[in-house]
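Colleague: Quick one: the structure is below, and I'll ask about it shortly.
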Amino acid sequence: MKYMILKFLSSKDVASIREIAKNVGMSHKNLAKYLDFLVNKGFLEVVYSGPNIKLYKLSQKALIFKKFLK
């Protein structure tokens, strides 16, 4: 599942949790756990965090693997 998240974000500049969930076929609640894991491991960055929205993007660390994710 983490691979699917990284693959989807490799084709986007930034994406919301709702957009990611829709494209990887997962509920927001379950997806949040994976996103937190990927942020903690340094593969994703939170670009914006507001009351009802969070935007994510691939980190510099993950950009190295971008060509393999397509």
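Chain labels follow the order of the structure tokens: the first chain is A, the next B, and so on; residue numbering restarts at 1 in every chain, and ligands are counted from 1 in their shown order.
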So which bits of chain A end up strand (DSSP E or B) when you DSSP the backbone, as a PyMOL selection string?
Modeller: chain A and resi 15-16+44-49+54-58
Colleague: Find the residues around segment 38-51 of chain A up to 8 Å (only C-alpha atoms counted), leave out those fewer than 6 positions away in its own chain, and share them as a count of residues only.
Modeller: 8
Colleague: Got a sec: who's within 12 Å of Phe68 of chain A, counting only C-alpha atoms, leaving out chain neighbours fewer than 2 positions off, as a PyMOL selection string?
Modeller: chain A and resi 3+6-7+10-11+62-66+70
Colleague: Based on the backbone DSSP call, show me all residues of chain A assigned helix (DSSP H, G or I), as a PDB file with C-alpha atoms, in the first residue's frame.
Modeller:
```
ATOM      1  CA  LYS A   2       2.861   2.378   0.770  1.00  0.00           C
ATOM      2  CA  TYR A   3       4.154   1.782  -2.735  1.00  0.00           C
ATOM      3  CA  MET A   4       0.784   2.799  -4.229  1.00  0.00           C
ATOM      4  CA  ILE A   5       0.819   6.027  -2.218  1.00  0.00           C
ATOM      5  CA  LEU A   6       4.346   6.878  -3.346  1.00  0.00           C
ATOM      6  CA  LYS A   7       3.525   5.964  -6.932  1.00  0.00           C
ATOM      7  CA  PHE A   8       0.454   8.219  -6.961  1.00  0.00           C
ATOM      8  CA  LEU A   9       2.336  11.134  -5.422  1.00  0.00           C
ATOM      9  CA  SER A  10       5.164  10.716  -7.933  1.00  0.00           C
ATOM     10  CA  ILE A  17      -5.503  13.047   1.887  1.00  0.00           C
ATOM     11  CA  ARG A  18      -8.925  12.858   0.195  1.00  0.00           C
ATOM     12  CA  GLU A  19      -7.377  12.802  -3.270  1.00  0.00           C
ATOM     13  CA  ILE A  20      -4.813  10.171  -2.274  1.00  0.00           C
ATOM     14  CA  ALA A  21      -7.465   7.975  -0.625  1.00  0.00           C
ATOM     15  CA  LYS A  22      -9.669   8.130  -3.714  1.00  0.00           C
ATOM     16  CA  ASN A  23      -6.820   7.114  -6.012  1.00  0.00           C
ATOM     17  CA  VAL A  24      -5.351   4.298  -3.923  1.00  0.00           C
ATOM     18  CA  HIS A  28      -9.118   8.301   5.013  1.00  0.00           C
ATOM     19  CA  LYS A  29      -8.654   6.819   8.480  1.00  0.00           C
ATOM     20  CA  ASN A  30      -6.475   3.909   7.320  1.00  0.00           C
ATOM     21  CA  LEU A  31      -4.585   6.099   4.882  1.00  0.00           C
ATOM     22  CA  ALA A  32      -3.659   8.565   7.632  1.00  0.00           C
ATOM     23  CA  LYS A  33      -1.658   5.813   9.376  1.00  0.00           C
ATOM     24  CA  TYR A  34       0.344   5.087   6.225  1.00  0.00           C
ATOM     25  CA  LEU A  35       0.909   8.777   5.533  1.00  0.00           C
ATOM     26  CA  ASP A  36       2.158   9.359   9.091  1.00  0.00           C
ATOM     27  CA  PHE A  37       4.545   6.412   8.682  1.00  0.00           C
ATOM     28  CA  LEU A  38       5.886   7.762   5.369  1.00  0.00           C
ATOM     29  CA  VAL A  39       6.309  11.256   6.818  1.00  0.00           C
ATOM     30  CA  ASN A  40       8.179   9.851   9.838  1.00  0.00           C
ATOM     31  CA  GLN A  60      13.740  15.067  -1.559  1.00  0.00           C
ATOM     32  CA  LYS A  61      14.642  11.593  -0.280  1.00  0.00           C
ATOM     33  CA  ALA A  62      11.772  10.013  -2.239  1.00  0.00           C
ATOM     34  CA  LEU A  63      12.433  12.025  -5.400  1.00  0.00           C
ATOM     35  CA  LYS A  66      10.661   8.798  -8.596  1.00  0.00           C
ATOM     36  CA  LYS A  67      11.848   7.301 -11.882  1.00  0.00           C
ATOM     37  CA  PHE A  68      11.312   3.792 -10.476  1.00  0.00           C
ATOM     38  CA  LEU A  69       7.795   4.550  -9.229  1.00  0.00           C
TER      39      LEU A  69
END
```
